[in-house]
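Take a look at the structure below.
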Amino acid sequence: MSDMVIDPSEVGLDAARLRRIERHFARYVDDGRLVGWQVAVSRHGRLAYSATCGHRDREAGLPVEEDTLWRIYSMTKPITSVAALSLLEEGAFELTDPVSRWIPALADVRVWDGGTPQAPKTVPAMEPIRMWHLLTHTSGLTYGFINAHPVDALYRANGFDFGHPAGLDLAACVDRWAQLPLLFQPGTEWGYSVATDVLGRVLEVLAGAPLDEVLAERVLNPLGMTDTHWSVTRSDAHRLAALYAPHPETGAATRLDSVGSGALRPPAMLSGGGGLISTAADYLRFTEMLRRGGELDGVRVLGPRTLAYATRNHLPGGHDLAWYGRGQFSEVAYAGVGFGLGFSVTTDPLRGKVVSSEGDFGWGGAASTAFWVDPVEDLTVVFFTQLLPSSRYPIRTQLRQLVHQAILD
C-alpha cells in the first residue's frame with residue numbers, strides 16, 4: 001500500500017503528528033507486549049498513513065509486510081451483517097421477522113431464570129428472537145468465553161468456549177445453541193454473542209447456499225477482496241501472522257499455535273461471527289465502501305439509505321452499552337457507544353471520554369484488531385495485530401486519540 005500513500009497535508013492531516021502513532025505502538029513491540037502490527041489511515045478516500053512494525057512471525061524472523069494475512073475474528077461480523085442487509089434490500093426478510101421462520105429449532109427458546117449450570121431454572125421467552133435482535137446483539141444468546149454468567153458455563157460445558165465441538169457445521173452449532181437457555185429475554189438487554197453466527201445460518205437458508213458462497217457473492221467478490229478467505233492455503237502460509245497471547249506471569253506475547261494453527265485448515269463450521277482471514281488492503285476496501293455509503297469503484301453493495309439506517313444506534317430508548325448492556329465484554333468501550341445493525345456507533349464522545357466523532361462506527365476482533373469509519377471527519381482507520389484477547393491493552397482508545405490529534409483542518 002505504501003506506493004499509494006499521499007502527502008497527509010493534502011487531506012488535512014499532519015505528517016509529524018501521524019508518526020506519533022508509530023512511535024507509540026513501537027513501544028508495545030519493544031517491550032514484548034505485541035510481536036508486530038500494521039495500521040492504515042485514510043481520509044477523503046485517500047491513503048494518508050500506512051505503517052508496519054515488528055514481526056508477523058517472531059520465531060521465524062519474518063517481519064510484518066503490507067500483504068501480511070491476519071485473523072480478523074469478529075471483524076467478520078460487519079461483513080456478514082452487510083451481506084444480511086443486502087438481502088434485506090431485496091425483500092428476503094424484515095427486521096421484525098422471527099428467526100424461527102428459517103431456523104425452526106429457535107421457535108421455543110427458554111430464558112435463564114436462576115439455578116445453577118447443573119440445574120438451571122428457565123422460563124419461556126416472552127417474544128421470539130427476531131432478525132434485528134441478531135444484528136444488534138440483543139437476542140439473549142451469549143459466548144462461552146465471556147465466562148461471566150451460568151449460561152456462559154452451559155455453553156462451555158457443551159463444547160463452545162473460544163471454539164466449537166469438532167466436526168459440527170454451522171447448522172449443527174445453531175441447533176445446539178437453540179437447546180441452551182437465553183441469557184435474557186430477547187430485546188431487553190445487549191449481550192455480545194454468537195448471534196452473528198446464527199445470522200450467517202439464516203443467510204444460508206435464505207440464499208440456498210453455504211455462507212462462504214453468500215459472503216463471496218454479496219461482499220467479497222464485488223469489492224475485490226481477493227485476499228479474504230476462511231483459511232490460508234499452503235502457498236500463502238508464509239504470509240500468515242502467528243497468533244500470540246500474554247504470558248500469565250510476565251505479560252510478554254507468547255505464541256499460541258494451539259489456536260492459531262486452525263487458520264491453516266478449512267473450517268467445518270463457517271463462522272459469520274469470526275471466521276475470516278484478511279489483509280489491511282482488503283479490509284480498507286470494505287471500510288472505504290462503508291465510507292462511500294455502500295459503493296466502491298462503481299460497484300454498489302448497499303444503498304446509502306440502508307447503510308445510514310444500519311449505522312444509527314438501534315438500542316431501545318437510544319441508550320448506550322453502559323446502560324443497556326451487562327458489562328460483560330465488548331470489542332469497544334461501553335459509555336457513549338450504542339449499537340446499530342452490525343456495528344458499534346458512537347453516540348456521545350464526551351460520555352465515552354475518548355476523542356471521537358458522534359456517529360462514527362466500527363468494531364474489532366478478538367486478536368486486538370480494530371477498524372472504524374468516521375463520517376464527520378470522512379476518515380477510515382484499520383489496525384491489525386495478533387494478540388488474544390483484545391481486552392488486554394487499551395490499543396483502540398489510544399489509537400483513536402492518536403489519529404484525531406493529527407487532524408488539523
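Chain identifiers are assigned as A, B, and so on, following the order in which chains appear in the C-alpha cells; residues are numbered from 1 within each chain, and ligands are numbered from 1 in order of appearance.
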> Which parts of segment 23-144 of chain A does DSSP call strand (DSSP E or B) when run on the backbone here, written out as a VMD selection string?
Replying inline: chain A and resid 36 to 43 46 to 57 62 to 63 69 to 71 98 110 to 115 120 to 124 130
Hey, what's within 9 Å of segment 324-340 of chain A if we count only C-alpha atoms and toss same-chain stuff fewer than 6 positions away? As an mmCIF file with C-alpha atoms, in the first residue's frame, please?
```cif
data_model
loop_
_atom_site.group_PDB
_atom_site.id
_atom_site.type_symbol
_atom_site.label_atom_id
_atom_site.label_comp_id
_atom_site.auth_asym_id
_atom_site.auth_seq_id
_atom_site.Cartn_x
_atom_site.Cartn_y
_atom_site.Cartn_z
ATOM 1 C CA SER A 74 -15.081 -10.549 14.965
ATOM 2 C CA LEU A 135 -27.971 -7.822 14.130
ATOM 3 C CA THR A 136 -27.860 -5.797 17.370
ATOM 4 C CA HIS A 137 -26.753 -8.498 19.858
ATOM 5 C CA THR A 138 -29.970 -8.171 21.825
ATOM 6 C CA ILE A 146 -17.182 -14.474 28.287
ATOM 7 C CA ASN A 147 -17.255 -16.525 31.491
ATOM 8 C CA ALA A 148 -19.458 -14.122 33.463
ATOM 9 C CA HIS A 149 -22.771 -15.963 33.858
ATOM 10 C CA THR A 188 -34.362 -6.364 26.693
ATOM 11 C CA GLU A 189 -30.563 -6.102 27.005
ATOM 12 C CA TRP A 190 -27.346 -6.036 24.971
ATOM 13 C CA GLY A 191 -25.021 -9.020 25.225
ATOM 14 C CA TYR A 192 -22.184 -9.936 22.888
ATOM 15 C CA TYR A 309 -30.064 3.382 8.839
ATOM 16 C CA ALA A 310 -27.807 0.491 9.881
ATOM 17 C CA THR A 311 -25.201 2.800 11.420
ATOM 18 C CA ARG A 312 -27.633 4.550 13.747
ATOM 19 C CA ASN A 313 -27.984 3.429 17.360
ATOM 20 C CA HIS A 314 -30.736 0.782 17.408
ATOM 21 C CA LEU A 315 -30.673 0.105 21.145
ATOM 22 C CA PRO A 316 -34.155 0.825 22.542
ATOM 23 C CA GLY A 318 -31.326 5.443 22.406
ATOM 24 C CA THR A 346 -20.536 6.430 18.944
ATOM 25 C CA THR A 347 -23.466 8.330 20.446
ATOM 26 C CA ASP A 348 -21.700 10.678 22.898
ATOM 27 C CA PRO A 349 -17.917 11.190 22.717
ATOM 28 C CA LEU A 350 -17.996 13.234 25.927
ATOM 29 C CA ARG A 351 -19.558 10.403 27.903
ATOM 30 C CA GLY A 352 -17.074 7.964 26.447
ATOM 31 C CA LYS A 353 -14.067 10.144 27.372
ATOM 32 C CA PHE A 361 -18.992 3.324 13.629
ATOM 33 C CA GLY A 362 -16.844 0.209 13.591
ATOM 34 C CA TRP A 363 -15.840 -2.900 15.500
ATOM 35 C CA GLY A 364 -12.855 -5.031 16.467
ATOM 36 C CA GLY A 365 -11.643 -8.614 16.635
ATOM 37 C CA ALA A 366 -10.519 -10.969 19.384
ATOM 38 C CA SER A 368 -6.807 -6.967 19.096
ATOM 39 C CA ALA A 370 -9.892 -2.824 15.034
ATOM 40 C CA SER A 390 -8.341 -7.945 22.755
ATOM 41 C CA SER A 391 -9.190 -6.775 26.279
ATOM 42 C CA ARG A 396 -8.196 1.030 20.421
ATOM 43 C CA THR A 397 -8.819 4.053 22.611
#
```
> Mind pulling up the distance from atom CA of Pro389 of chain A to atom CA of Ile129 of chain A?
Replying inline: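 Computing it gives 28.8 Å between the two atoms.
Going from atom CA of Glu217 of chain A over to atom CA of Ala92 of chain A, you cover 15.8 Å.
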>> So that I can check the surroundings of Pro267 of chain A, please list as number ranges by chain every protein, DNA and RNA residue that reaches within 12 Å of it, counting only C-alpha atoms and ignoring chain neighbours fewer than 2 positions away.
In response: A: 163-170, 211-212, 229-232, 261-265, 269-272, 274-277
Just write the chosen residues, N, CA and C atoms, as a PDB file, in the first residue's frame.
```
ATOM      1  N   GLY A 163     -13.967 -21.848  20.807  1.00  0.00           N
ATOM      2  CA  GLY A 163     -14.260 -22.524  19.551  1.00  0.00           C
ATOM      3  C   GLY A 163     -15.573 -23.270  19.630  1.00  0.00           C
ATOM      4  N   HIS A 164     -15.618 -24.414  18.972  1.00  0.00           N
ATOM      5  CA  HIS A 164     -16.843 -25.203  18.931  1.00  0.00           C
ATOM      6  C   HIS A 164     -16.462 -26.671  18.832  1.00  0.00           C
ATOM      7  N   PRO A 165     -17.374 -27.578  19.142  1.00  0.00           N
ATOM      8  CA  PRO A 165     -17.038 -29.004  19.086  1.00  0.00           C
ATOM      9  C   PRO A 165     -16.586 -29.431  17.693  1.00  0.00           C
ATOM     10  N   ALA A 166     -15.597 -30.293  17.660  1.00  0.00           N
ATOM     11  CA  ALA A 166     -15.044 -30.750  16.381  1.00  0.00           C
ATOM     12  C   ALA A 166     -16.115 -31.443  15.557  1.00  0.00           C
ATOM     13  N   GLY A 167     -16.090 -31.146  14.259  1.00  0.00           N
ATOM     14  CA  GLY A 167     -16.959 -31.851  13.328  1.00  0.00           C
ATOM     15  C   GLY A 167     -18.323 -31.241  13.107  1.00  0.00           C
ATOM     16  N   LEU A 168     -18.723 -30.278  13.952  1.00  0.00           N
ATOM     17  CA  LEU A 168     -20.035 -29.666  13.782  1.00  0.00           C
ATOM     18  C   LEU A 168     -19.979 -28.580  12.721  1.00  0.00           C
ATOM     19  N   ASP A 169     -20.948 -28.581  11.804  1.00  0.00           N
ATOM     20  CA  ASP A 169     -21.044 -27.471  10.862  1.00  0.00           C
ATOM     21  C   ASP A 169     -21.916 -26.375  11.451  1.00  0.00           C
ATOM     22  N   LEU A 170     -22.121 -25.308  10.697  1.00  0.00           N
ATOM     23  CA  LEU A 170     -22.858 -24.160  11.216  1.00  0.00           C
ATOM     24  C   LEU A 170     -24.273 -24.536  11.627  1.00  0.00           C
ATOM     25  N   LEU A 211     -22.454 -20.353   3.574  1.00  0.00           N
ATOM     26  CA  LEU A 211     -22.131 -18.968   3.919  1.00  0.00           C
ATOM     27  C   LEU A 211     -20.920 -18.442   3.160  1.00  0.00           C
ATOM     28  N   ASP A 212     -19.942 -19.283   2.902  1.00  0.00           N
ATOM     29  CA  ASP A 212     -18.775 -18.779   2.170  1.00  0.00           C
ATOM     30  C   ASP A 212     -19.173 -18.278   0.787  1.00  0.00           C
ATOM     31  N   HIS A 229     -10.284 -14.830   3.092  1.00  0.00           N
ATOM     32  CA  HIS A 229     -10.706 -16.225   2.985  1.00  0.00           C
ATOM     33  C   HIS A 229     -10.974 -16.810   4.371  1.00  0.00           C
ATOM     34  N   TRP A 230     -11.468 -18.050   4.387  1.00  0.00           N
ATOM     35  CA  TRP A 230     -11.789 -18.764   5.629  1.00  0.00           C
ATOM     36  C   TRP A 230     -10.603 -19.558   6.152  1.00  0.00           C
ATOM     37  N   SER A 231      -9.611 -19.780   5.324  1.00  0.00           N
ATOM     38  CA  SER A 231      -8.390 -20.451   5.737  1.00  0.00           C
ATOM     39  C   SER A 231      -7.279 -20.028   4.786  1.00  0.00           C
ATOM     40  N   VAL A 232      -6.059 -20.394   5.144  1.00  0.00           N
ATOM     41  CA  VAL A 232      -4.892 -19.993   4.363  1.00  0.00           C
ATOM     42  C   VAL A 232      -4.332 -21.217   3.642  1.00  0.00           C
ATOM     43  N   SER A 261      -3.105 -22.298  14.689  1.00  0.00           N
ATOM     44  CA  SER A 261      -2.918 -23.226  13.577  1.00  0.00           C
ATOM     45  C   SER A 261      -4.229 -23.567  12.872  1.00  0.00           C
ATOM     46  N   GLY A 262      -5.360 -23.286  13.507  1.00  0.00           N
ATOM     47  CA  GLY A 262      -6.649 -23.550  12.881  1.00  0.00           C
ATOM     48  C   GLY A 262      -6.841 -22.811  11.574  1.00  0.00           C
ATOM     49  N   ALA A 263      -6.142 -21.695  11.408  1.00  0.00           N
ATOM     50  CA  ALA A 263      -6.283 -20.904  10.184  1.00  0.00           C
ATOM     51  C   ALA A 263      -5.727 -21.616   8.965  1.00  0.00           C
ATOM     52  N   LEU A 264      -4.958 -22.673   9.172  1.00  0.00           N
ATOM     53  CA  LEU A 264      -4.344 -23.395   8.059  1.00  0.00           C
ATOM     54  C   LEU A 264      -5.222 -24.515   7.521  1.00  0.00           C
ATOM     55  N   ARG A 265      -6.403 -24.717   8.133  1.00  0.00           N
ATOM     56  CA  ARG A 265      -7.309 -25.781   7.703  1.00  0.00           C
ATOM     57  C   ARG A 265      -8.682 -25.204   7.369  1.00  0.00           C
ATOM     58  N   MET A 269     -17.058 -25.461  10.440  1.00  0.00           N
ATOM     59  CA  MET A 269     -18.109 -24.501  10.782  1.00  0.00           C
ATOM     60  C   MET A 269     -17.747 -23.130  10.225  1.00  0.00           C
ATOM     61  N   LEU A 270     -18.542 -22.643   9.286  1.00  0.00           N
ATOM     62  CA  LEU A 270     -18.310 -21.315   8.689  1.00  0.00           C
ATOM     63  C   LEU A 270     -18.867 -20.270   9.643  1.00  0.00           C
ATOM     64  N   SER A 271     -17.972 -19.606  10.363  1.00  0.00           N
ATOM     65  CA  SER A 271     -18.384 -18.665  11.400  1.00  0.00           C
ATOM     66  C   SER A 271     -18.529 -17.256  10.847  1.00  0.00           C
ATOM     67  N   GLY A 272     -19.776 -16.841  10.634  1.00  0.00           N
ATOM     68  CA  GLY A 272     -20.037 -15.467  10.219  1.00  0.00           C
ATOM     69  C   GLY A 272     -19.711 -14.466  11.307  1.00  0.00           C
ATOM     70  N   GLY A 274     -16.821 -14.821  13.193  1.00  0.00           N
ATOM     71  CA  GLY A 274     -15.401 -14.716  13.486  1.00  0.00           C
ATOM     72  C   GLY A 274     -14.468 -15.564  12.667  1.00  0.00           C
ATOM     73  N   GLY A 275     -14.849 -15.977  11.454  1.00  0.00           N
ATOM     74  CA  GLY A 275     -14.061 -16.969  10.743  1.00  0.00           C
ATOM     75  C   GLY A 275     -13.109 -16.498   9.669  1.00  0.00           C
ATOM     76  N   LEU A 276     -13.092 -15.212   9.342  1.00  0.00           N
ATOM     77  CA  LEU A 276     -12.329 -14.778   8.171  1.00  0.00           C
ATOM     78  C   LEU A 276     -10.896 -14.358   8.490  1.00  0.00           C
ATOM     79  N   ILE A 277     -10.060 -14.480   7.470  1.00  0.00           N
ATOM     80  CA  ILE A 277      -8.670 -14.023   7.489  1.00  0.00           C
ATOM     81  C   ILE A 277      -8.542 -13.013   6.357  1.00  0.00           C
TER      82      ILE A 277
END
```
>> Could you list, as number ranges by chain, every residue within 10 Å of Pro222 of chain A, counting only C-alpha atoms and ignoring same-chain residues fewer than 2 positions away?
In response: A: 215-220, 224-226, 295-301
>> To test your reading of the structure, identify every residue in segment 8-226 of chain A that backbone DSSP assigns to alpha helix (DSSP H), and report it as JSON, numbers by chain.
In response: {"A": [15, 16, 17, 18, 19, 20, 21, 22, 23, 24, 25, 26, 27, 28, 29, 30, 76, 77, 78, 79, 80, 81, 82, 83, 84, 85, 86, 87, 88, 89, 131, 132, 133, 134, 135, 136, 150, 151, 152, 153, 154, 155, 156, 157, 170, 171, 172, 173, 174, 175, 176, 177, 178, 195, 196, 197, 198, 199, 200, 201, 202, 203, 204, 205, 206, 207, 211, 212, 213, 214, 215]}
> So how many Å separate atom CA of Thr228 of chain A and atom CA of Ala172 of chain A, to one decimal?
Replying inline: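 The value is 24.8 Å.
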Closest pair table for segment 6-31 of chain A residues within 9 Å of segment 404-407 of chain A, only C-alpha atoms, as CSV:
```
residue,atom,partner,partner_atom,distance
A:Val11,CA,A:Ile407,CA,8.8
A:Gly12,CA,A:Ile407,CA,6.0
A:Leu13,CA,A:Ile407,CA,4.7
A:Asp14,CA,A:Ala406,CA,5.3
A:Ala15,CA,A:Ala406,CA,7.6
A:Ala16,CA,A:Ala406,CA,8.1
A:Arg17,CA,A:Ala406,CA,5.0
A:Leu18,CA,A:Ala406,CA,5.6
A:Arg20,CA,A:Ala406,CA,8.8
```
>> I'd like to know which of A:Asp113, A:Glu90, A:Glu358, A:Glu66 is closest to Ala125 of chain A, using only C-alpha atoms.
In response: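 With only C-alpha atoms as the atom set, the closest residue is A:Asp113.
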>> as a ChimeraX atom specification, please: the residues near Gln118 of chain A (cut-off 10 Å, only C-alpha atoms, same-chain neighbours under 2 positions excluded).
In response: /A:115-116,120-121,150,153-154,157
>> I need the residue nearest Leu87 of chain A from this list: A:Asp152, A:Glu204, A:Asp30, A:Asp378. Use only C-alpha atoms for the distance.
In response: A:Glu204
>> Counting only C-alpha atoms, which residue out of A:Val41, A:Val376, A:Leu47, A:Leu408 sits closest to Val5 of chain A?
In response: A:Leu47
